[in-house]
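Trainee: See run_34.txt below, with compact mmCIF, C-alpha atoms.
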# COMPACT_ATOMS: atom_id res chain seq x y z
CA MET A 1 14.51 -50.23 -21.11
CA ASN A 2 12.70 -47.13 -22.38
CA VAL A 3 11.91 -47.35 -26.09
CA THR A 4 9.31 -46.23 -28.61
CA LEU A 5 7.69 -48.77 -30.92
CA ASN A 6 6.05 -48.14 -34.30
CA ILE A 7 3.91 -50.83 -35.92
CA ILE A 8 3.47 -51.14 -39.67
CA GLY A 9 0.70 -53.52 -40.62
CA ALA A 10 -1.77 -54.45 -37.92
CA GLY A 11 -3.58 -57.63 -38.80
CA HIS A 12 -4.01 -60.29 -36.15
CA VAL A 13 -0.30 -60.69 -35.36
CA GLY A 14 0.46 -56.97 -35.25
CA ARG A 15 -2.52 -56.24 -33.03
CA VAL A 16 -1.73 -59.00 -30.56
CA LEU A 17 1.96 -58.13 -30.29
CA GLY A 18 1.11 -54.44 -30.10
CA ARG A 19 -1.25 -55.02 -27.18
CA LEU A 20 1.27 -57.22 -25.38
CA PHE A 21 4.23 -54.88 -25.91
CA ALA A 22 2.07 -51.93 -24.81
CA GLY A 23 1.73 -53.66 -21.45
CA VAL A 24 5.48 -53.83 -20.88
CA ASP A 25 7.04 -51.12 -18.72
CA GLY A 26 9.53 -49.16 -20.79
CA ILE A 27 7.94 -49.88 -24.19
CA ALA A 28 5.68 -47.17 -25.60
CA VAL A 29 3.59 -47.99 -28.68
CA GLN A 30 3.82 -44.82 -30.74
CA ASP A 31 2.47 -44.83 -34.33
CA VAL A 32 0.43 -47.48 -36.15
CA LEU A 33 0.35 -47.52 -39.97
CA THR A 34 -1.93 -49.81 -41.97
CA ARG A 35 -3.61 -49.67 -45.37
CA SER A 36 -6.21 -47.17 -44.19
CA MET A 37 -6.81 -44.79 -41.32
CA ALA A 38 -9.91 -46.76 -40.40
CA SER A 39 -8.01 -50.03 -39.99
CA ALA A 40 -5.21 -48.22 -38.17
CA GLN A 41 -7.75 -46.78 -35.72
CA THR A 42 -9.29 -50.24 -35.22
CA ALA A 43 -5.83 -51.60 -34.48
CA VAL A 44 -5.07 -48.80 -32.01
CA ASP A 45 -8.39 -49.50 -30.27
CA PHE A 46 -7.44 -53.19 -29.90
CA ILE A 47 -3.88 -52.41 -28.78
CA GLY A 48 -5.07 -49.80 -26.31
CA ALA A 49 -2.22 -47.46 -27.21
CA GLY A 50 -0.65 -45.65 -30.13
CA THR A 51 -1.66 -43.12 -32.76
CA PRO A 52 -3.04 -44.07 -36.18
CA VAL A 53 -1.16 -42.49 -39.08
CA ALA A 54 -1.90 -42.37 -42.81
CA SER A 55 1.56 -42.60 -44.41
CA TYR A 56 5.21 -43.48 -43.93
CA ALA A 57 6.00 -39.77 -43.97
CA ALA A 58 3.73 -39.32 -40.95
CA LEU A 59 5.60 -41.88 -38.86
CA ARG A 60 7.64 -40.33 -36.10
CA HIS A 61 11.12 -41.66 -35.41
CA ALA A 62 10.94 -44.79 -33.27
CA ASP A 63 13.62 -46.82 -31.55
CA VAL A 64 11.98 -50.01 -32.80
CA THR A 65 9.69 -50.74 -35.76
CA LEU A 66 7.63 -53.91 -36.09
CA LEU A 67 6.73 -54.92 -39.65
CA ALA A 68 3.62 -57.07 -39.22
CA VAL A 69 2.66 -57.09 -42.88
CA SER A 70 2.19 -60.12 -45.14
CA ASP A 71 5.35 -61.86 -46.35
CA ASP A 72 5.17 -60.37 -49.83
CA GLN A 73 4.93 -56.87 -48.37
CA ILE A 74 7.85 -57.07 -45.94
CA GLY A 75 10.45 -56.01 -48.52
CA PRO A 76 8.41 -53.12 -49.94
CA ALA A 77 7.36 -51.93 -46.47
CA CYS A 78 10.97 -51.99 -45.30
CA ALA A 79 12.08 -50.08 -48.38
CA ALA A 80 9.40 -47.44 -47.84
CA LEU A 81 10.39 -47.11 -44.19
CA ALA A 82 14.07 -46.78 -45.06
CA ALA A 83 13.32 -44.21 -47.75
CA GLU A 84 11.99 -41.86 -45.07
CA GLY A 85 15.38 -41.94 -43.33
CA ARG A 86 15.93 -41.76 -39.56
CA GLN A 87 16.64 -45.49 -39.21
CA ALA A 88 20.33 -45.28 -38.30
CA GLY A 89 20.79 -47.12 -35.00
CA ALA A 90 17.13 -48.17 -34.85
CA ILE A 91 15.81 -51.74 -34.72
CA VAL A 92 13.51 -53.13 -37.43
CA PHE A 93 12.03 -56.62 -37.15
CA HIS A 94 9.36 -58.72 -38.83
CA CYS A 95 7.25 -61.70 -37.75
CA SER A 96 7.41 -64.01 -40.76
CA GLY A 97 8.06 -67.69 -40.22
CA ALA A 98 9.16 -68.19 -43.81
CA LEU A 99 11.56 -65.26 -44.35
CA ALA A 100 14.81 -64.46 -42.58
CA SER A 101 15.85 -61.04 -41.35
CA ASN A 102 18.02 -60.49 -44.44
CA VAL A 103 14.83 -59.55 -46.32
CA LEU A 104 15.19 -56.28 -44.37
CA LEU A 105 18.26 -55.31 -46.39
CA ALA A 106 16.98 -51.78 -47.04
CA ALA A 107 16.86 -51.14 -43.29
CA THR A 108 20.35 -52.58 -42.85
CA GLN A 109 21.64 -50.29 -45.58
CA ALA A 110 19.97 -47.39 -43.79
CA GLY A 111 21.95 -48.18 -40.64
CA ALA A 112 19.33 -50.15 -38.71
CA PHE A 113 19.78 -53.41 -36.84
CA VAL A 114 17.37 -56.08 -38.08
CA ALA A 115 15.81 -59.28 -36.79
CA SER A 116 12.85 -61.60 -37.13
CA ALA A 117 10.63 -63.01 -34.38
CA HIS A 118 8.10 -65.65 -35.42
CA PRO A 119 5.45 -66.62 -32.83
CA ILE A 120 4.74 -70.34 -33.33
CA ARG A 121 0.96 -70.48 -32.98
CA SER A 122 -2.26 -69.66 -34.78
CA PHE A 123 -3.57 -66.08 -34.53
CA ALA A 124 -7.09 -66.85 -35.77
CA ASP A 125 -8.64 -65.35 -32.61
CA PRO A 126 -6.60 -62.29 -31.55
CA GLN A 127 -8.48 -61.78 -28.28
CA GLN A 128 -7.87 -65.37 -27.25
CA VAL A 129 -4.21 -65.31 -28.29
CA ALA A 130 -3.54 -62.07 -26.44
CA ALA A 131 -5.06 -63.57 -23.30
CA THR A 132 -3.13 -66.85 -23.53
CA PHE A 133 0.21 -65.83 -25.03
CA ASP A 134 2.30 -67.00 -22.06
CA GLY A 135 4.59 -69.85 -23.08
CA THR A 136 4.36 -69.20 -26.82
CA PHE A 137 7.58 -70.20 -28.57
CA CYS A 138 9.09 -67.60 -30.91
CA GLY A 139 11.80 -68.42 -33.43
CA VAL A 140 14.27 -65.51 -33.39
CA GLU A 141 17.32 -64.57 -35.46
CA GLY A 142 19.04 -61.40 -36.57
CA ASP A 143 21.67 -58.84 -35.66
CA PRO A 144 23.00 -59.34 -32.12
CA LEU A 145 22.22 -55.73 -31.18
CA ALA A 146 18.61 -56.18 -32.32
CA LEU A 147 18.30 -59.38 -30.30
CA VAL A 148 19.66 -57.63 -27.21
CA PHE A 149 16.38 -55.71 -27.19
CA LEU A 150 14.07 -58.25 -28.78
CA THR A 151 14.86 -61.30 -26.64
CA PRO A 152 14.09 -59.72 -23.24
CA ALA A 153 11.12 -57.87 -24.75
CA LEU A 154 9.64 -61.17 -25.92
CA ILE A 155 10.29 -62.76 -22.55
CA ALA A 156 8.50 -59.82 -20.94
CA ILE A 157 5.31 -60.60 -22.90
CA GLY A 158 5.45 -64.28 -21.96
CA ALA A 159 7.15 -65.65 -25.06
CA ARG A 160 9.85 -68.33 -25.10
CA PRO A 161 12.45 -67.14 -27.66
CA VAL A 162 14.28 -69.92 -29.52
CA PRO A 163 17.34 -68.93 -31.61
CA ILE A 164 17.28 -70.35 -35.15
CA ASP A 165 19.74 -70.44 -38.04
CA PRO A 166 18.72 -67.73 -40.52
CA ALA A 167 20.18 -69.75 -43.39
CA ALA A 168 17.68 -72.52 -42.56
CA LYS A 169 14.64 -70.27 -42.04
CA THR A 170 12.67 -71.91 -44.88
CA LEU A 171 13.46 -75.36 -43.47
CA TYR A 172 12.37 -74.13 -40.02
CA HIS A 173 9.05 -73.03 -41.49
CA ALA A 174 8.66 -76.33 -43.34
CA ALA A 175 8.98 -78.10 -39.98
CA ALA A 176 5.75 -76.43 -38.87
CA VAL A 177 4.07 -77.55 -42.09
CA PHE A 178 5.09 -81.15 -41.39
CA ALA A 179 4.00 -80.91 -37.75
CA SER A 180 0.63 -79.32 -38.50
CA ASN A 181 -0.57 -79.12 -42.11
CA TYR A 182 0.79 -82.42 -43.45
CA LEU A 183 -0.27 -84.23 -40.30
CA VAL A 184 -3.84 -83.21 -41.11
CA THR A 185 -3.39 -84.47 -44.68
CA VAL A 186 -2.20 -87.88 -43.46
CA LEU A 187 -5.07 -88.10 -40.98
CA ASP A 188 -7.51 -87.28 -43.78
CA ALA A 189 -6.11 -90.23 -45.74
CA ALA A 190 -6.68 -92.48 -42.72
CA LEU A 191 -10.27 -91.30 -42.23
CA ARG A 192 -11.08 -91.73 -45.93
CA ALA A 193 -9.58 -95.23 -45.94
CA TYR A 194 -11.69 -96.20 -42.95
CA GLN A 195 -14.77 -94.90 -44.76
CA ALA A 196 -13.81 -96.86 -47.88
CA ALA A 197 -13.79 -99.94 -45.64
CA GLY A 198 -17.40 -99.24 -44.69
CA ILE A 199 -16.98 -97.28 -41.46
CA PRO A 200 -19.10 -94.08 -41.19
CA GLU A 201 -17.07 -90.88 -40.95
CA PRO A 202 -18.05 -89.98 -37.36
CA VAL A 203 -17.16 -93.48 -36.21
CA ALA A 204 -13.90 -93.34 -38.20
CA ARG A 205 -12.87 -90.26 -36.24
CA GLU A 206 -13.67 -91.97 -32.94
CA LEU A 207 -11.77 -95.06 -34.04
CA ALA A 208 -8.70 -93.15 -35.17
CA GLN A 209 -8.49 -90.78 -32.22
CA PRO A 210 -6.88 -93.14 -29.65
CA LEU A 211 -4.37 -94.33 -32.24
CA VAL A 212 -3.42 -90.76 -33.09
CA THR A 213 -3.32 -89.40 -29.56
CA GLU A 214 -1.22 -92.32 -28.28
CA ALA A 215 1.22 -92.10 -31.19
CA VAL A 216 1.63 -88.34 -30.76
CA ALA A 217 2.01 -88.66 -26.99
CA ASN A 218 4.70 -91.32 -27.46
CA VAL A 219 6.62 -89.13 -29.93
CA PHE A 220 6.76 -86.26 -27.46
CA ARG A 221 7.47 -88.57 -24.51
CA LEU A 222 10.03 -90.88 -26.10
CA GLY A 223 11.11 -89.39 -29.44
CA ALA A 224 10.06 -90.32 -32.97
CA ALA A 225 12.07 -93.50 -33.51
CA PRO A 226 11.10 -95.23 -30.22
CA ALA A 227 7.45 -94.29 -30.84
CA LEU A 228 7.27 -96.05 -34.21
CA SER A 229 5.11 -99.18 -34.36
CA GLY A 230 3.30 -101.12 -37.08
CA PRO A 231 4.32 -103.38 -39.97
CA ILE A 232 7.39 -101.42 -41.10
CA ALA A 233 8.73 -101.27 -37.54
CA ARG A 234 8.23 -105.06 -37.35
CA GLY A 235 9.90 -105.63 -40.72
CA ASP A 236 6.69 -107.08 -42.20
CA SER A 237 7.34 -106.11 -45.82
CA ALA A 238 4.66 -108.46 -47.19
CA THR A 239 1.93 -106.60 -45.30
CA VAL A 240 3.30 -103.25 -46.44
CA GLN A 241 3.26 -104.44 -50.05
CA ARG A 242 -0.34 -105.68 -49.79
CA GLN A 243 -1.43 -102.40 -48.21
CA GLN A 244 0.35 -100.39 -50.90
CA GLN A 245 -1.49 -102.31 -53.62
CA ALA A 246 -4.85 -102.06 -51.86
CA VAL A 247 -4.55 -98.30 -51.32
CA GLN A 248 -3.32 -97.76 -54.89
CA SER A 249 -6.32 -99.69 -56.25
CA TRP A 250 -8.74 -97.73 -54.09
CA ASP A 251 -7.32 -94.23 -54.72
CA ALA A 252 -4.25 -93.58 -56.85
CA ALA A 253 -3.28 -90.27 -55.22
CA THR A 254 -3.51 -91.73 -51.71
CA GLY A 255 -1.57 -94.76 -52.93
CA GLU A 256 1.25 -92.43 -53.98
CA LEU A 257 1.15 -90.81 -50.53
CA TYR A 258 1.42 -94.25 -48.90
CA ARG A 259 4.31 -95.20 -51.19
CA ALA A 260 6.14 -91.94 -50.51
CA LEU A 261 6.01 -92.57 -46.76
CA VAL A 262 7.40 -96.11 -46.89
CA ALA A 263 11.10 -95.26 -47.34
CA PRO A 264 11.24 -92.54 -44.64
CA THR A 265 9.42 -94.88 -42.25
CA GLN A 266 11.91 -97.67 -43.04
CA ASP A 267 14.72 -95.23 -42.18
CA LEU A 268 12.95 -94.44 -38.92
CA ALA A 269 12.62 -98.17 -38.16
CA ARG A 270 16.37 -98.61 -38.70
CA ARG A 271 17.01 -95.78 -36.25
CA LYS A 272 14.71 -97.53 -33.78
CA ARG A 273 16.74 -100.72 -34.11
CA GLY A 274 19.95 -98.73 -33.76
CA GLY A 275 21.15 -99.67 -37.25
Output the file's structure in the form of structure tokens.
Mentor:
Amino acid sequence: MNVTLNIIGAGHVGRVLGRLFAGVDGIAVQDVLTRSMASAQTAVDFIGAGTPVASYAALRHADVTLLAVSDDQIGPACAALAAEGRQAGAIVFHCSGALASNVLLAATQAGAFVASAHPIRSFADPQQVAATFDGTFCGVEGDPLALVFLTPALIAIGARPVPIDPAAKTLYHAAAVFASNYLVTVLDAALRAYQAAGIPEPVARELAQPLVTEAVANVFRLGAAPALSGPIARGDSATVQRQQQAVQSWDAATGELYRALVAPTQDLARRKRGG
């Protein structure tokens, strides 16, 4: 492998991937384009390789181009790249978890092979992520010829590529929202309910923690259905009804959240029973 890599957009994700790819034998970070020369230079300093450039016209031909821009800029950035030509036979990929590689249609029409590679982790602290990237899962999909390069390149930086169905990319991204964002929302409801029952917030967190950690550990050890416990798992519909009414009386919005979770949890309980 002996390829040149251009990077367009160098926020946290672009900088981290740029630094990691720059450390792989056979990959040479070439040009870095961001919204300003100053930010491009800052990115190059972090990456430890590459040349900051001021425009698409200044980009040299590269074997591979990483589009690390925000989701709403992927299409326009790809179009601007394709408009400069020289993409026939090249590889263009983006890092969005929400968009599939088909958003790179302009590059495809210009003769490039396209893909997406979504690292499944937070990039809030680029230094920390770059130092601890080993084992990071990356959802990948795209043209087979793009993945021929991208899959081993990701493995070389310590990633664990996982092929996904591009037609279900939005569903794939929603899975992360369920696993992370909505989990926090449900835990917030639990902590507020404890406080409404007279338990101070710091104590509520201590009280909830063993319940949460054991439930999560059981899900990942046994699977979701076997890990389910509580009144719905026991078939105690009277308790569920009383709780629904109590939560609804306390806070209508949280009552609706409780109600919305009853039916899916009943389905999970049936799976647990094998019915």
Trainee: Determine, counting only C-alpha atoms, which protein, DNA and RNA residues have an atom within 9 Å of an atom of Arg192 in chain A; residues of the same chain fewer than 5 positions away are not included. Present the result as a list in words.
Mentor: Leu187, Ala197, Glu201 and Ala204 of chain A
Trainee: Looking at A:Ala115, A:Phe21, A:Ala82, A:Ala227, which one is nearest to Ile155 in chain A, with distances taken over only C-alpha atoms?
Mentor: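 For Ile155 in chain A, the nearest of the candidates is A:Phe21.
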Trainee: Closest to Arg86 in chain A among A:Thr151, A:Gln109, A:Gln195, A:Ser70, using all atoms listed in the file?
Mentor: A:Gln109
Trainee: Using Å and a single decimal, report how far CA of Arg234 in chain A sits from CA of Gly255 in chain A.
Mentor: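 Between CA of Gly255 in chain A and CA of Arg234 in chain A the gap is 21.1 Å.
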Trainee: One decimal, Å: what's the distance from CA of Asp143 in chain A over to CA of Leu33 in chain A, could you say?
Mentor: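 Straight-line distance from CA of Asp143 in chain A to CA of Leu33 in chain A works out to 24.5 Å.
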Trainee: So what do you get for CA of Leu105 in chain A versus CA of Ala10 in chain A, distance-wise?
Mentor: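 Value for the CA of Leu105 in chain A-CA of Ala10 in chain A distance: 21.8 Å.
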Trainee: So, with only C-alpha atoms as the atoms that count, which of A:Ala193, A:Ala40, A:Ala88, A:Ala156 lies closest to Phe133 in chain A?
Mentor: A:Ala156
Trainee: From the set A:Ala130, A:Ala190, A:Leu66, A:Ile232, which residue has the shortest atom-to-atom contact distance to Ile47 in chain A, counting only C-alpha atoms?
Mentor: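 Under the stated criterion, the closest residue is A:Ala130.
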Trainee: Pull out range 15-30 of chain A, keep C-alpha atoms, and write it as an mmCIF file, in the first residue's frame.
Mentor:
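Full text of out11.cif as output:
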data_model
loop_
_atom_site.group_PDB
_atom_site.id
_atom_site.type_symbol
_atom_site.label_atom_id
_atom_site.label_comp_id
_atom_site.auth_asym_id
_atom_site.auth_seq_id
_atom_site.Cartn_x
_atom_site.Cartn_y
_atom_site.Cartn_z
ATOM 1 C CA ARG A 15 -7.701 15.529 12.963
ATOM 2 C CA VAL A 16 -7.728 12.247 14.849
ATOM 3 C CA LEU A 17 -8.054 10.102 11.723
ATOM 4 C CA GLY A 18 -5.448 12.218 9.962
ATOM 5 C CA ARG A 19 -2.952 11.679 12.774
ATOM 6 C CA LEU A 20 -3.648 7.951 12.889
ATOM 7 C CA PHE A 21 -3.471 7.442 9.117
ATOM 8 C CA ALA A 22 -0.263 9.501 9.004
ATOM 9 C CA GLY A 23 1.308 6.874 11.242
ATOM 10 C CA VAL A 24 0.565 4.031 8.831
ATOM 11 C CA ASP A 25 3.365 2.941 6.515
ATOM 12 C CA GLY A 26 2.288 3.508 2.929
ATOM 13 C CA ILE A 27 -0.228 6.289 3.647
ATOM 14 C CA ALA A 28 0.990 9.847 3.115
ATOM 15 C CA VAL A 29 -1.212 12.702 4.342
ATOM 16 C CA GLN A 30 -0.904 15.264 1.568
#
